[in-house]
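Structure, as C-alpha cells:
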Amino acid sequence: MFRELDAQEGKSFDSCSERSLCWRSLDRRSFLKCALASGAALGLGEAAQPAAGIPSEAGQEKQDDSHFVVEAKFYQKLQNRKIKCKLCPRECTVGDKERGYCGVRENRGGTYYTLVHSRVCAAHVDPIEKKPLFHYLPGTTAFSLATAGCNVNCKFCQNWDISQVRPEQIPAEYVPPARIAELAKQYSCPTIAYTYSEPVVFSEFLMDAADAGHEAGIRSVVVSNGYMQEEALRTAYGKMDAVKIDLKSFTEPYYRNVVSGQLKPVLDSLVTLKKMGKWTEIVYLVVPTLNDGDQEFRGLAQWIKTNLGGDVPLHFTQYHPEYLLKNLPITPVETLERAKAIADAEGLHYVYIGNVPGHPSQNTYCPQCKRLLVERVGFTASQMLIEKGACPFCHHPIPGVWHV
Amino acid sequence: MMNTMHIASRRDFLKKALSGAAVLGAGGGTGLLAAAEQSPAGAKSRVAIAHDALLRGAGSTPGSSVDERRMLALLDRAMQALFDRDRPIEAWKKLVRPGDLVGLKVNTLGGRGISTNPQLVEAICERLQEAGIKAGEIVVWDRETEELERAGFHISTSGNGVLCFGTDRVDYEQELVEHGSVGSRLSKILTQRSNVLINVPVLKDHDGAGVTIALKNMYGVIHNPNKYHPNGCDPYIADLNMLPEIRSRMRLTICDATTAMYEGGPAYKPEHSWKNNALIVSQDPVALDYTGWQIIEHKRAEKGLKTLEAEERAPRYIATAADQEHRLGTNDPKRITTVEA
C-alpha cells in the first residue's frame, strides 16, 4: 500500500525546503489521499474531511486527545502556572491554557504537554535519497512520518499545510511507537525517518519511536532545521542514526526575516552533532536574490570546512515558489552550479545539486580519482560501487554508512 | 421571536456581501456606518462606557450570573450613548439592515471565569432581531465549539434560532490571506457565514501583548495564532486586522468588561480579576483598546502593581494599529471622546 502510494502519488517532501520538478508538495488533497491510504494501510478508519461552510451536528471527527497528550520533556516550571519551554532557542514562556509558537505544545495548569505524541498526519515509504541522505544506506527506503507543527515559519515552506497548523486542524491517526516499528519492518524499511514538518516539535514521539525501532532492528533518521537547544538535541537526536539539517542561509537577517528563527543556534547544533559523532548531511535551499550571493556561499563552505570538516555532504537545492514566497523565480541551475563551484573550491568533497533531475551533480564521485561511485536517477540510486566504505578504483575512503 | 433558519449558499452570501460592500463604499448618506478609519478626517472616535453596579442583581454574591434585564438595559445605554440616540433600536439600525449575515465573534478562552457573557450575547441577538436580522442569520462563534460550551453557550448548528458553533465545525479556508507579517487561513464562519462582524471580546491582561481586548480577539479568526505572539504580538495584531476580509466586515466592538482582569492573563485568574460591571462600546477598535488599557492600568495602580510599561509589556500593538501604515483607528486621547453612559 505504501509503496504503491509512493510510486503513484509521491507528493511529499522531506523538509520545508525540498522539492523537485517531479515531486510536488504535499498539498491538502494529496495529504488527505495519503492520510486515507495510510489509515487503510494501518488498519485504521478514514480521516474525516471537514464540510465546507456548513456545520454538521457531529462536526469533524474528534481526535481522541488522550491518545496524543503526553507531558513534554524539555521545559521548566515557572510561577503562576507559567512554563518556559526548553526545547528550542525560542524559549517560549507559556501561560496556562496557552500554546507555544509551535502550536503543538500546551500549558495545562502549569504542566506542559505535547499534543502530538503518536499523532501521525503523514506517512509514506520514501527512498532515503529523498531526505536527502546520499551517504546513508543508498538505495534503501525509509518509513517516513510527520506530525503537525513547526518551530519556525519559513516563507517558502512546501509543507506548510501540515507544518503551520495546529494538530486538531488536520486529520491524523494514532500510530504508537511500536506500531511504527512494525510498519517499517512490514514494508522492509531499514530506517524510520522523522520528516516533512519539523521533528523538533515532536521530539518525545521521535525518541520513543526510535527506541521501539531499535528494539526491532530498525534505525532512525531525522530531517530537521536544527533549531534546538543543546540538551534537547543531545537527548532526542542522540537516538538518531543519521541527521539531515536544513541550513537555510548563512546570515542572521535571512533567518530573522524569511525563517522566523536564528542562524547561530543552528550552527551550534551542527557542531554538537559533529561532537556526538552523528552522520550528518546539510541542505541549503538556494532562493534567488535572498541567499544566493558568492560571499554567502563562500562563507558557508568555509565555515563547514573549518567546523565540520570537508567530508560533510552539502546539498544545494532548487527553490520553487510556495506558501508566502511566491514572487521569486525558480532558482536557475546556473546559480546552483555556481554555489557548488565555490564550495568545491573551498575544499568540500561532496557537494551536490538537488531538485534538478538528471543533473550530474546528484551523483557521488571519488574526490581522489574522480570516478563515479554512486549514480542517482531521480531519488533512486541506480548504481552503487562503494565497497567497504572505499572507492573500488583507488581505495580512497568514502565517508558514510553504505550498507545495512 | 425566531425566524426560519437560512443557511446562505455561497452565491447568496456573495451577493449580500457585495451589496454590503457597495453600501459601505457609498459613504455616510446610506445610513450604514463604516469602520472608524472611514470617519471624516479630524473626526473624533467615540467610546461609550456603561456601568451598572447592580448588574449581578441586588445582594448577589460575587461570581453569580448577571441579571438578564439589567444586562439588556446596560447594552441599550451603551449603544444609545455611542450613537447618541434616544432609543436603542435607532442605534442598531445604524449598524445592520435586514438580510445581513451577522457574526458575533466572542472570546471564550477563559472558560466561565472570564469569557464573553452569554447573557450579553443574548441581549445583542435580541436587539439585532428587532433591527430586522433573522435569528438564523446570526452566528455566535469562536475558535472551538468546546470552548464555547465551557463558557456557557448552547451549541446550535441548525434550526430556526441563533446559531452557535466553533470554527472546528466548518474549518478554515484553504487559501492563505496575507498582510504584512501575517499569512493565515481564515475561519469559514467569517468568510462564508457573515458580511457583518460584531466583535464581542473581554477586557483582560495578556502576558504577551500586554492587554487583549478588541484587536487581539481577531486571533481567534485565523488558523495559526501561535505564530503571532513574539515581540508582544507587534505588528502581528495590527497586520491581522488589516486583512480586507476582517476590516470590511467589522462594524462594532462591544467589549464585555463585566468581569475584567488586570494581571495574569490570558487564562482566568480569579485572584487578579474584578467585577467591573461595565460594557465598553466603540466603532474604533484602536480607541477602545487604548481606553481598555487605561482601565487596566488604573486597576493595576490601585492594586499596587507596576505599569505594563515598567514590566516591559506595554501593548505597543495599539500604536502600530494607529500608525500611518495601518490607520485602524486612533490611540490619541485627544481624539477619543469617552462617553460615560
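Letters for chains follow the order of the C-alpha cells (A, B, ...), residue numbers begin at 1 for each chain, and ligand numbers begin at 1 in the order shown.
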
Proximity check chain B to chain A, 10 Å, nearest pairs one decimal Å, only C-alpha atoms, as a tab-separated table:
```
residue	atom	partner	partner_atom	distance
B:Ile7	CA	A:Ile54	CA	7.6
B:Ala8	CA	A:Ile54	CA	9.2
B:Ser9	CA	A:Gly53	CA	8.9
B:Arg10	CA	A:Gly53	CA	8.4
B:Leu109	CA	A:Lys97	CA	8.0
B:Gly110	CA	A:Lys97	CA	8.5
B:Thr145	CA	A:Gly59	CA	9.5
B:Ile155	CA	A:Glu57	CA	9.3
B:Ser156	CA	A:Glu57	CA	8.1
B:Thr157	CA	A:Pro55	CA	6.0
B:Ser158	CA	A:Glu57	CA	7.9
B:Leu163	CA	A:Pro55	CA	10.0
B:Phe165	CA	A:Pro55	CA	8.1
B:Gly166	CA	A:Pro55	CA	9.1
B:Thr167	CA	A:Pro55	CA	8.9
B:Asp168	CA	A:Gln60	CA	7.0
B:Arg169	CA	A:Gly59	CA	4.6
B:Val170	CA	A:Pro55	CA	5.3
B:Asp171	CA	A:Pro50	CA	6.2
B:Tyr172	CA	A:Gln169	CA	8.5
B:Glu173	CA	A:Ala52	CA	8.4
B:Gln174	CA	A:Arg28	CA	8.4
B:Glu175	CA	A:Tyr323	CA	9.7
B:Leu176	CA	A:Tyr323	CA	8.0
B:Val177	CA	A:Leu324	CA	9.4
B:Glu178	CA	A:Leu324	CA	8.0
B:Ser181	CA	A:Asn257	CA	9.5
B:Val182	CA	A:Leu324	CA	9.4
B:Gly183	CA	A:Leu324	CA	6.9
B:Ser184	CA	A:Gln164	CA	9.3
B:Arg185	CA	A:Val165	CA	9.7
B:Ser187	CA	A:Gly53	CA	9.2
B:Lys188	CA	A:Gly53	CA	5.7
B:Ile189	CA	A:Gly53	CA	6.9
B:Leu190	CA	A:Gly53	CA	9.7
B:Thr191	CA	A:Gly53	CA	8.7
B:Gln192	CA	A:Gly53	CA	6.1
B:Arg193	CA	A:Gly53	CA	7.3
B:His206	CA	A:Gly95	CA	9.3
B:Asp207	CA	A:Gly95	CA	7.4
B:Gly208	CA	A:Thr93	CA	9.0
B:His223	CA	A:Val165	CA	6.6
B:Asn224	CA	A:Val165	CA	6.1
B:Pro225	CA	A:Gly103	CA	8.4
B:Asn226	CA	A:Tyr101	CA	4.9
B:Lys227	CA	A:Tyr101	CA	5.3
B:Tyr228	CA	A:Tyr101	CA	7.8
B:His229	CA	A:Tyr101	CA	7.3
B:Pro230	CA	A:Tyr101	CA	8.1
B:Gly264	CA	A:Asn80	CA	7.6
B:Gly265	CA	A:Gly95	CA	7.7
B:Pro266	CA	A:Gly95	CA	7.5
B:Ala267	CA	A:Asp96	CA	5.8
B:Tyr268	CA	A:Asp96	CA	8.6
B:Lys269	CA	A:Asn80	CA	9.2
```

Inset, instruction - Apply DSSP to the structure's backbone, then extract all residues of stretch 98-260 of chain B labelled strand (DSSP E) and return them as a count of residues only. - result: 44

Legend entry - Coordinates-based distance that separates atom CA of A:Gln362 from atom CA of A:Leu247 (Å, one decimal):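 Pair atom CA of A:Leu247 / atom CA of A:Gln362 returns 18.5 Å.
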
Legend entry - Atomic distance atom CA of A:Pro190 - atom CA of A:Ile218, expressed in Å with one decimal: 5.2 Å

Legend entry - Distance query stretch 384-386 of chain A at most 10 Å, only C-alpha atoms, self and fewer than 2 positions along chain excluded, as a VMD selection string: chain A and resid 138 to 139 363 to 364 366 372 to 376 381 to 382 388 to 393 395 to 398 402 to 403

Could you save the residues just selected, with C-alpha atoms, as a tab-separated table (two decimals), in the first residue's frame?
```
chain	number	residue	atom	x	y	z
A	138	PRO	CA	21.75	4.35	-0.52
A	139	GLY	CA	19.07	2.53	-2.42
A	363	ASN	CA	25.95	11.58	-8.25
A	364	THR	CA	28.76	10.76	-5.86
A	366	CYS	CA	35.51	9.84	-5.61
A	372	LEU	CA	31.64	7.79	-10.48
A	373	LEU	CA	30.75	5.84	-7.34
A	374	VAL	CA	27.01	6.28	-6.83
A	375	GLU	CA	24.76	7.13	-9.74
A	376	ARG	CA	21.33	8.52	-8.95
A	381	ALA	CA	20.41	5.01	-6.59
A	382	SER	CA	20.81	3.20	-9.88
A	388	LYS	CA	33.77	-1.46	2.37
A	389	GLY	CA	33.46	2.28	2.65
A	390	ALA	CA	36.01	2.98	-0.03
A	391	CYS	CA	36.35	3.76	-3.71
A	392	PRO	CA	36.76	0.43	-5.54
A	393	PHE	CA	39.18	2.05	-8.00
A	395	HIS	CA	40.59	2.72	-2.37
A	396	HIS	CA	40.12	6.23	-1.09
A	397	PRO	CA	37.80	6.08	1.95
A	398	ILE	CA	34.35	7.49	1.24
A	402	TRP	CA	26.90	2.44	2.94
A	403	HIS	CA	25.48	-0.92	3.84
```

Legend entry - 9 Å contact set for stretch 243-258 of chain B, only C-alpha atoms, chain neighbours under 5 positions out, as a VMD selection string: chain B and resid 17 20 to 21 24 33 to 36 51 to 52 55 66 75 78 95 to 96 115 to 117 120 177 to 179 182 186 190 to 191 194 to 204 213 to 214 218 221 274 to 285 288 292 328

Inset, instruction - In Å, rounded to a single decimal, give me how far atom CA of B:Trp141 is from atom CA of B:Tyr219. - result: 12.9 Å

Inset, instruction - Would you please extract all alpha helix (DSSP H) residues from stretch 171-225 of chain B, as assigned by DSSP on the backbone, and give them as number ranges by chain? - result: B: 188-193

Inset, instruction - For B:Ala131, please output as a PyMOL selection string all residues within 8 Å (counting only C-alpha atoms; exclusion window: fewer than 6 positions along the same chain). - result: chain B and resi 89+92-93+96-98

Keeping only N, CA and C atoms, write those residues as an mmCIF file, in the first residue's frame.
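After the write, selection-v6.cif holds the following:
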```cif
data_model
loop_
_atom_site.group_PDB
_atom_site.id
_atom_site.type_symbol
_atom_site.label_atom_id
_atom_site.label_comp_id
_atom_site.auth_asym_id
_atom_site.auth_seq_id
_atom_site.Cartn_x
_atom_site.Cartn_y
_atom_site.Cartn_z
ATOM 1 N N ILE B 89 -33.098 50.864 19.353
ATOM 2 C CA ILE B 89 -33.320 50.342 18.005
ATOM 3 C C ILE B 89 -32.744 51.278 16.947
ATOM 4 N N TRP B 92 -29.111 50.436 16.585
ATOM 5 C CA TRP B 92 -28.861 49.169 15.885
ATOM 6 C C TRP B 92 -29.154 49.289 14.398
ATOM 7 N N LYS B 93 -30.120 50.092 14.070
ATOM 8 C CA LYS B 93 -30.433 50.258 12.642
ATOM 9 C C LYS B 93 -29.355 51.055 11.907
ATOM 10 N N VAL B 96 -26.880 47.616 11.114
ATOM 11 C CA VAL B 96 -27.269 46.458 10.296
ATOM 12 C C VAL B 96 -28.576 46.749 9.574
ATOM 13 N N ARG B 97 -28.816 45.942 8.570
ATOM 14 C CA ARG B 97 -30.110 46.029 7.908
ATOM 15 C C ARG B 97 -30.571 44.616 7.548
ATOM 16 N N PRO B 98 -31.858 44.457 7.344
ATOM 17 C CA PRO B 98 -32.371 43.111 7.058
ATOM 18 C C PRO B 98 -31.609 42.469 5.901
#
```

Inset, instruction - Pick out the residues sitting within 7 Å of A:Val175, and hand them over as a VMD selection string; count only C-alpha atoms, and ignore anything fewer than 5 positions along from it in its own chain. - result: chain A and resid 118 to 120 180

Legend entry - Within 12 Å of A:Val283 using only C-alpha atoms, minus same-chain residues under 4 positions, as number ranges by chain: A: 14-19, 130-134, 223-226, 243-250, 270, 300, 312-319, 350-355
